[in-house]
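Trainee: Below you'll find data-v6.cif; it's mmCIF, C-alpha atoms.
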```
data_protein
loop_
_atom_site.label_atom_id
_atom_site.label_comp_id
_atom_site.auth_asym_id
_atom_site.auth_seq_id
_atom_site.Cartn_x
_atom_site.Cartn_y
_atom_site.Cartn_z
CA MET A 1 51.24 29.44 4.76
CA ASN A 2 53.72 26.56 4.48
CA ALA A 3 54.14 24.42 1.39
CA ARG A 4 52.06 21.60 2.84
CA GLY A 5 49.17 23.96 3.59
CA TRP A 6 49.38 25.50 0.09
CA GLN A 7 49.10 22.03 -1.47
CA ALA A 8 46.16 21.13 0.77
CA VAL A 9 43.94 24.01 -0.46
CA PRO A 10 43.34 22.65 -3.99
CA LEU A 11 42.81 19.18 -2.57
CA LEU A 12 40.30 20.52 -0.04
CA ARG A 13 38.52 22.43 -2.80
CA VAL A 14 38.25 19.26 -4.89
CA LEU A 15 36.83 17.35 -1.93
CA VAL A 16 34.27 20.09 -1.21
CA VAL A 17 33.16 20.23 -4.84
CA ALA A 18 32.80 16.44 -4.92
CA LEU A 19 30.76 16.49 -1.70
CA VAL A 20 28.46 19.22 -3.02
CA GLY A 21 27.93 17.17 -6.16
CA LEU A 22 26.94 14.12 -4.15
CA VAL A 23 24.52 16.15 -2.00
CA ALA A 24 22.94 17.75 -5.07
CA ALA A 25 22.49 14.37 -6.70
CA GLY A 26 20.78 13.02 -3.61
CA CYS A 27 18.48 15.98 -2.91
CA GLY A 28 16.94 16.83 -6.30
CA ASP A 29 13.85 19.05 -6.39
CA ASP A 30 10.24 18.25 -5.56
CA SER A 31 9.82 15.85 -8.45
CA GLY A 32 10.01 12.79 -6.23
CA GLY A 33 10.61 10.41 -9.08
CA GLY A 34 13.95 10.72 -10.80
CA ASP A 35 14.74 9.21 -14.18
CA SER A 36 13.38 5.67 -13.97
CA GLY A 37 13.33 5.08 -17.70
CA GLY A 38 9.51 4.90 -17.69
CA ASP A 39 6.95 7.34 -19.08
CA ARG A 40 7.66 10.91 -18.04
CA VAL A 41 4.68 12.23 -16.09
CA GLY A 42 4.25 15.93 -15.29
CA VAL A 43 2.11 16.65 -12.24
CA VAL A 44 0.97 20.04 -10.96
CA ILE A 45 -1.13 20.17 -7.76
CA LYS A 46 -2.23 22.69 -5.16
CA GLY A 47 -0.14 23.76 -2.17
CA LEU A 48 1.31 21.12 0.14
CA ASP A 49 0.65 23.35 3.17
CA ASN A 50 -2.85 21.84 3.08
CA PRO A 51 -2.92 18.26 4.47
CA PHE A 52 -5.40 17.23 1.78
CA PHE A 53 -2.94 17.98 -1.02
CA ALA A 54 -0.02 16.58 0.96
CA ALA A 55 -1.92 13.26 1.01
CA MET A 56 -2.59 13.62 -2.72
CA GLU A 57 1.14 14.02 -3.28
CA GLN A 58 1.75 10.77 -1.38
CA GLY A 59 -0.64 8.95 -3.70
CA VAL A 60 1.05 10.44 -6.76
CA GLN A 61 4.46 9.38 -5.48
CA ALA A 62 3.25 5.86 -4.64
CA ALA A 63 1.76 5.29 -8.10
CA ALA A 64 4.86 6.63 -9.85
CA HIS A 65 7.03 4.30 -7.77
CA ASP A 66 4.80 1.28 -8.34
CA ARG A 67 4.54 1.93 -12.09
CA LYS A 68 8.22 2.93 -12.49
CA ALA A 69 7.26 6.29 -13.99
CA ASP A 70 9.62 9.23 -14.29
CA LEU A 71 7.73 11.74 -12.15
CA ARG A 72 8.09 15.52 -12.40
CA LEU A 73 5.95 16.93 -9.57
CA ARG A 74 5.36 20.62 -8.88
CA ALA A 75 3.08 22.21 -6.28
CA ALA A 76 1.68 25.70 -5.88
CA THR A 77 2.88 27.64 -2.85
CA GLY A 78 -0.70 28.11 -1.67
CA LEU A 79 -4.26 28.76 -2.77
CA GLU A 80 -3.40 32.31 -3.85
CA ASP A 81 -0.56 31.16 -6.14
CA THR A 82 -2.62 30.92 -9.33
CA ALA A 83 0.01 32.50 -11.59
CA GLY A 84 2.85 30.56 -9.97
CA GLN A 85 1.05 27.26 -10.47
CA ALA A 86 0.47 28.10 -14.14
CA SER A 87 4.13 29.03 -14.58
CA LYS A 88 5.21 25.68 -13.15
CA LEU A 89 2.95 23.87 -15.58
CA GLU A 90 4.35 25.89 -18.49
CA ALA A 91 7.87 24.81 -17.48
CA LEU A 92 6.83 21.15 -17.44
CA ILE A 93 5.15 21.47 -20.83
CA ALA A 94 8.41 22.84 -22.21
CA GLU A 95 10.06 19.54 -21.20
CA GLY A 96 7.84 17.62 -23.65
CA LEU A 97 6.64 14.93 -21.23
CA ASN A 98 4.44 11.92 -22.05
CA CYS A 99 1.36 13.08 -20.11
CA TYR A 100 0.21 15.76 -17.67
CA LEU A 101 -1.83 15.48 -14.47
CA VAL A 102 -3.32 18.74 -13.18
CA ASN A 103 -5.11 19.83 -10.01
CA PRO A 104 -5.85 23.51 -10.71
CA ILE A 105 -6.41 26.14 -8.03
CA ASN A 106 -9.49 27.33 -9.90
CA GLN A 107 -11.30 26.55 -13.12
CA SER A 108 -9.32 28.98 -15.25
CA ASN A 109 -5.79 29.50 -13.90
CA LEU A 110 -4.20 26.59 -15.83
CA VAL A 111 -6.24 26.90 -19.03
CA ARG A 112 -3.79 29.10 -20.91
CA ALA A 113 -0.87 26.80 -20.05
CA LEU A 114 -2.87 23.69 -21.00
CA SER A 115 -3.52 25.17 -24.43
CA HIS A 116 0.22 24.73 -25.08
CA VAL A 117 0.18 20.95 -24.50
CA PRO A 118 0.78 19.18 -27.85
CA ASP A 119 -2.35 17.64 -29.37
CA ASP A 120 -1.10 14.05 -29.01
CA THR A 121 -0.18 14.41 -25.32
CA PRO A 122 -2.91 13.41 -22.83
CA VAL A 123 -4.06 15.60 -19.95
CA VAL A 124 -5.72 14.14 -16.85
CA ASN A 125 -7.62 16.45 -14.49
CA ILE A 126 -8.04 15.56 -10.80
CA ASP A 127 -9.97 16.95 -7.83
CA SER A 128 -10.72 20.52 -9.01
CA PRO A 129 -12.17 20.71 -12.53
CA VAL A 130 -10.73 22.69 -15.40
CA GLY A 131 -13.48 24.98 -16.74
CA ALA A 132 -15.15 23.04 -19.55
CA ASP A 133 -16.21 26.07 -21.61
CA GLU A 134 -12.79 27.71 -21.44
CA ALA A 135 -11.02 24.45 -22.26
CA ARG A 136 -13.30 23.84 -25.23
CA ALA A 137 -12.73 27.36 -26.55
CA LEU A 138 -8.96 26.80 -26.59
CA GLY A 139 -9.12 23.28 -27.99
CA ILE A 140 -7.96 21.58 -24.79
CA ASP A 141 -8.81 17.88 -24.61
CA ILE A 142 -9.08 16.46 -21.08
CA SER A 143 -8.64 12.68 -21.25
CA THR A 144 -10.52 12.05 -18.00
CA TYR A 145 -11.59 13.80 -14.81
CA ILE A 146 -11.10 12.01 -11.47
CA GLY A 147 -12.51 13.52 -8.33
CA THR A 148 -15.11 13.61 -5.65
CA ASN A 149 -18.74 14.11 -6.63
CA ASN A 150 -18.94 17.23 -4.50
CA ARG A 151 -22.70 17.57 -4.71
CA ALA A 152 -23.00 13.99 -3.40
CA ALA A 153 -20.51 14.82 -0.63
CA GLY A 154 -22.64 17.78 0.41
CA LYS A 155 -25.74 15.60 0.47
CA LEU A 156 -23.97 13.01 2.65
CA ALA A 157 -23.04 15.85 5.02
CA ALA A 158 -26.72 16.84 5.18
CA ASP A 159 -27.67 13.23 5.90
CA ALA A 160 -25.19 13.23 8.79
CA MET A 161 -26.43 16.61 10.05
CA GLY A 162 -30.04 15.37 9.91
CA THR A 163 -29.21 12.76 12.54
CA LEU A 164 -27.60 15.36 14.81
CA VAL A 165 -30.09 18.26 14.92
CA ASP A 166 -33.84 18.56 15.44
CA ARG A 167 -36.21 18.98 12.52
CA GLY A 168 -36.38 22.65 11.52
CA ALA A 169 -33.14 23.54 13.32
CA ARG A 170 -31.04 26.41 11.97
CA VAL A 171 -27.59 25.40 10.68
CA GLY A 172 -24.70 27.64 9.70
CA VAL A 173 -22.94 27.09 6.37
CA ILE A 174 -19.27 28.02 5.89
CA GLY A 175 -18.05 28.00 2.28
CA GLY A 176 -14.63 28.23 0.65
CA ILE A 177 -13.44 30.91 -1.76
CA SER A 178 -16.35 32.81 -3.28
CA GLY A 179 -17.10 31.46 -6.76
CA ASP A 180 -15.15 28.24 -6.24
CA ALA A 181 -16.87 25.35 -8.06
CA THR A 182 -16.01 22.74 -5.41
CA SER A 183 -17.39 24.81 -2.55
CA ALA A 184 -20.52 25.72 -4.53
CA ALA A 185 -21.26 22.08 -5.39
CA ARG A 186 -20.85 20.93 -1.78
CA ILE A 187 -23.13 23.68 -0.50
CA GLU A 188 -25.69 22.96 -3.21
CA GLY A 189 -25.70 19.27 -2.25
CA PHE A 190 -25.99 20.16 1.43
CA ARG A 191 -28.97 22.44 0.82
CA ALA A 192 -30.66 19.80 -1.33
CA GLY A 193 -30.18 17.19 1.39
CA ALA A 194 -31.49 19.54 4.07
CA ARG A 195 -34.92 20.06 2.51
CA GLY A 196 -37.71 19.15 4.89
CA ARG A 197 -35.24 18.34 7.67
CA PHE A 198 -33.45 21.49 8.87
CA GLU A 199 -32.81 25.06 7.74
CA PRO A 200 -29.37 25.97 6.31
CA LEU A 201 -28.53 29.66 6.73
CA GLN A 202 -27.04 31.85 4.00
CA HIS A 203 -23.47 30.68 3.55
CA VAL A 204 -20.47 32.72 4.66
CA SER A 205 -17.22 32.49 2.67
CA ALA A 206 -14.10 31.74 4.72
CA ASP A 207 -11.63 31.10 1.85
CA TRP A 208 -10.84 27.52 2.98
CA ASP A 209 -9.05 29.12 5.94
CA GLU A 210 -9.24 27.82 9.51
CA SER A 211 -8.88 31.21 11.22
CA LYS A 212 -11.44 32.92 8.98
CA ALA A 213 -13.87 30.07 9.58
CA MET A 214 -13.39 30.39 13.33
CA LEU A 215 -14.18 34.11 13.17
CA ALA A 216 -17.22 33.53 10.95
CA ALA A 217 -18.57 30.83 13.26
CA SER A 218 -17.97 33.00 16.35
CA SER A 219 -20.00 35.78 14.74
CA LEU A 220 -22.84 33.41 13.85
CA LEU A 221 -22.88 31.95 17.34
CA ARG A 222 -23.36 35.47 18.73
CA ASP A 223 -25.96 36.52 16.14
CA GLU A 224 -27.86 33.20 16.09
CA PRO A 225 -27.88 31.95 19.70
CA GLY A 226 -30.22 29.11 18.76
CA ILE A 227 -27.96 27.74 16.03
CA ALA A 228 -27.81 23.95 16.24
CA GLY A 229 -24.99 23.06 13.87
CA PHE A 230 -22.46 24.06 11.24
CA PHE A 231 -21.56 22.60 7.88
CA ALA A 232 -18.11 23.60 6.60
CA ALA A 233 -17.16 22.85 3.00
CA ASN A 234 -13.77 21.49 4.06
CA ASP A 235 -12.20 20.10 7.22
CA GLN A 236 -9.72 22.89 7.80
CA MET A 237 -12.63 25.30 8.10
CA ALA A 238 -14.56 22.77 10.18
CA LEU A 239 -11.65 22.67 12.62
CA GLY A 240 -11.85 26.47 12.91
CA VAL A 241 -15.61 26.21 13.51
CA ALA A 242 -14.99 23.58 16.20
CA MET A 243 -12.64 26.00 17.98
CA ALA A 244 -15.30 28.73 17.90
CA VAL A 245 -17.90 26.29 19.27
CA ALA A 246 -15.47 25.28 22.04
CA ASP A 247 -14.73 28.92 22.88
CA ALA A 248 -18.49 29.49 23.21
CA GLY A 249 -18.71 26.53 25.61
CA ARG A 250 -21.04 24.64 23.25
CA THR A 251 -19.01 21.57 22.26
CA GLY A 252 -21.41 18.63 22.10
CA ASP A 253 -24.37 21.00 21.87
CA VAL A 254 -23.63 22.40 18.39
CA ALA A 255 -22.93 19.84 15.66
CA VAL A 256 -19.95 20.39 13.34
CA VAL A 257 -19.72 18.51 10.03
CA GLY A 258 -16.90 18.94 7.51
CA VAL A 259 -15.65 17.41 4.29
CA ASP A 260 -12.27 15.82 3.45
CA GLY A 261 -11.35 13.33 6.15
CA ILE A 262 -7.91 14.79 6.91
CA GLU A 263 -6.08 13.31 9.90
CA GLN A 264 -6.71 16.33 12.12
CA ALA A 265 -10.44 16.06 11.44
CA LEU A 266 -10.46 12.35 12.23
CA ASP A 267 -8.76 13.16 15.53
CA ALA A 268 -11.37 15.86 16.19
CA VAL A 269 -14.21 13.44 15.48
CA GLN A 270 -12.65 10.87 17.79
CA ARG A 271 -12.42 13.31 20.70
CA GLY A 272 -15.87 14.83 20.03
CA ALA A 273 -14.78 18.29 18.84
CA MET A 274 -16.31 17.55 15.42
CA SER A 275 -19.42 15.46 14.87
CA ALA A 276 -18.59 14.01 11.46
CA THR A 277 -16.65 14.44 8.26
CA VAL A 278 -17.46 13.28 4.76
CA SER A 279 -14.17 11.59 4.07
CA GLN A 280 -12.74 11.72 0.59
CA TYR A 281 -9.42 10.19 -0.29
CA PRO A 282 -6.85 12.50 -1.90
CA TYR A 283 -4.23 9.72 -1.71
CA THR A 284 -6.46 7.57 -3.91
CA ILE A 285 -7.25 10.48 -6.25
CA GLY A 286 -3.52 11.13 -6.76
CA LYS A 287 -2.69 7.46 -7.23
CA VAL A 288 -5.51 6.78 -9.67
CA GLY A 289 -4.68 10.01 -11.52
CA VAL A 290 -1.16 8.83 -12.28
CA GLU A 291 -2.51 5.45 -13.42
CA ALA A 292 -4.92 7.23 -15.77
CA CYS A 293 -2.12 9.41 -17.12
CA LEU A 294 0.04 6.39 -17.87
CA ALA A 295 -2.85 4.48 -19.44
CA ALA A 296 -3.66 7.43 -21.70
CA ALA A 297 0.01 7.83 -22.64
CA SER A 298 0.05 4.18 -23.75
CA GLY A 299 -2.90 4.81 -26.07
CA LYS A 300 -5.68 3.36 -23.92
CA SER A 301 -9.20 4.83 -24.06
CA LEU A 302 -10.35 6.27 -20.73
CA PRO A 303 -13.79 6.91 -19.24
CA ALA A 304 -14.60 10.61 -19.33
CA HIS A 305 -15.31 10.80 -15.59
CA VAL A 306 -14.44 8.70 -12.53
CA ASP A 307 -15.96 9.37 -9.11
CA ALA A 308 -13.53 8.95 -6.23
CA PRO A 309 -14.84 7.20 -3.07
CA ILE A 310 -16.51 9.16 -0.25
CA GLN A 311 -17.77 7.97 3.14
CA VAL A 312 -19.21 9.57 6.26
CA VAL A 313 -16.96 9.16 9.31
CA THR A 314 -18.45 9.55 12.78
CA ARG A 315 -17.34 8.38 16.22
CA ARG A 316 -18.81 4.97 15.36
CA ASN A 317 -16.30 4.23 12.59
CA VAL A 318 -13.51 6.75 13.12
CA ALA A 319 -11.11 4.20 14.63
CA ARG A 320 -11.33 2.10 11.46
CA ALA A 321 -10.95 5.21 9.29
CA LYS A 322 -7.77 6.16 11.14
CA ALA A 323 -6.37 2.65 10.89
CA ASN A 324 -6.82 2.65 7.10
CA PHE A 325 -5.70 6.25 6.51
CA PRO A 326 -4.78 7.53 3.91
CA GLN A 327 -6.56 4.79 1.98
CA PRO A 328 -10.37 4.30 1.90
CA VAL A 329 -12.11 2.38 4.63
CA GLN A 330 -13.88 0.33 1.98
CA PRO A 331 -11.86 -1.18 -0.93
CA PHE A 332 -11.79 0.87 -4.12
CA GLU A 333 -10.93 -0.70 -7.47
CA SER A 334 -9.06 1.62 -9.79
CA PRO A 335 -10.61 1.48 -13.27
CA PHE A 336 -7.18 2.12 -14.77
CA ALA A 337 -5.19 -0.63 -13.03
CA ALA A 338 -6.45 -3.28 -15.44
CA LEU A 339 -5.47 -1.10 -18.40
CA LEU A 340 -1.92 -1.11 -17.07
CA GLY A 341 -1.81 -4.82 -16.38
CA GLY A 342 -2.94 -5.06 -12.77
#
```
How would this structure read if it were set down as structure tokens?
Mentor:
Amino acid sequence: MNARGWQAVPLLRVLVVALVGLVAAGCGDDSGGGDSGGDRVGVVIKGLDNPFFAAMEQGVQAAAHDRKADLRLRAATGLEDTAGQASKLEALIAEGLNCYLVNPINQSNLVRALSHVPDDTPVVNIDSPVGADEARALGIDISTYIGTNNRAAGKLAADAMGTLVDRGARVGVIGGISGDATSAARIEGFRAGARGRFEPLQHVSADWDESKAMLAASSLLRDEPGIAGFFAANDQMALGVAMAVADAGRTGDVAVVGVDGIEQALDAVQRGAMSATVSQYPYTIGKVGVEACLAAASGKSLPAHVDAPIQVVTRRNVARAKANFPQPVQPFESPFAALLGG
């Protein structure tokens, strides 16, 4: 190596180190906020592999940007990552942030971590509820819960199904993870809404999974040849059911109703693969959740419970639903916006 080359090596190393530093500064982690000088908000949600929670993340990011909050966002790797989600929350609690926004995988997986939140730091719960009895036992104070009234969503699904099947028809029911509170509430609402109109079958658990729902629906279609429809407790499972119905050559003959209003489901409704979805708005839930967190951190009193908007989407209004996505078709006034000054 000549003298010029020998001198170039340290210079090249300096340039590489500087470039790496610039890239690292630009990339960051999944916090999405950076240090804006505003309140530091810790957010832990479910896995972003699910479009519902990806939309929720967008709402969280939008509110943090609009309110100039310093956002620290962490997501589980999936619906099985209960311990990992709790560990991520523990790490955020160790940072001593101004408030915490949590969307637990189940009613209990974040309870132990939440018990370590300082008494004067607010906790806002969105979408999936923290178990009330367990929280109370450990002295956890939830400032407010924001989410879909899942029993009402199930009843709206039954109302939609009642317009699609004959009176007394047999309808398959596909639930999420066994024991999950959200799935149970939706199924309970669906059964209540079905009374005197059609007959819901015993539900089958498909773990919120599209492939498992497809297999479950295929089995029911074989065992119950007269089945007239399916209710699935979320849209990913409804999409799996729609594939099973298509494979059986019964699209348009067997009604398929889901819950969530994800983009893929709206597309399926538009092309006739699904009959309807009870659309909820995870973007709005995430956005309003951050607003609630910031309001609580500033000392404002919050309502104990806020119902997020829900609406049935069929082929009659799906074009409008898609045009407004990810926001609600009908305007929704956040009860926390006024507390923050608009």
Trainee: Give as a VMD selection string every residue, naming chains and numbers as the document does, that has an atom within 10 Å of (-6.0, 25.4, 5.9), counting all atoms listed in the file.
Mentor: chain A and resid 49 to 52 78 to 79 207 to 213 234 to 240
Trainee: Convert the output of the PyMOL selection byres ((chain A and resi 261) around 10) on the shown file into explicit residues, formatted as a ChimeraX atom specification.
Mentor: /A:51-52,234-236,258-260,262-267,269,276-282,310-313,318,321-322,325-326
Trainee: Take the PyMOL selection byres ((chain A and resi 298) around 10), apply it to the structure above, and return the hits as a list in words.
Mentor: Asp39, Asn98, Cys99, Pro122, Ala292, Cys293, Leu294, Ala295, Ala296, Ala297, Gly299, Lys300, Ser301, Leu339 and Leu340 of chain A
Trainee: Using all atoms listed in the file, can you tell me which of A:Ala308, A:Val60, A:Ala319, A:Val254 comes closest to A:Leu164?
Mentor: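 Of A:Ala308, A:Val60, A:Ala319, A:Val254, the one nearest A:Leu164, counting all atoms listed in the file, is A:Val254.
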Trainee: Calculate how many Å separate atom CA of A:Ala63 from atom CA of A:Gly286, rounding to one decimal.
Mentor: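 Computing it gives 8.0 Å between the two atoms.
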Trainee: For atom CA of A:Ala54 and atom CA of A:Ala217, determine how far apart the two atoms are, in Å to one decimal place.
Mentor: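 If I compute the distance from atom CA of A:Ala54 to atom CA of A:Ala217, I get 26.4 Å.
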Trainee: Using the chain letters and numbers from this file, what does the PyMOL selection byres ((chain A and resi 47) around 6) select? Give the answer as a list of chain:residue names.
Mentor: A:Lys46, A:Leu48, A:Asp49, A:Ala75, A:Ala76, A:Thr77, A:Gly78
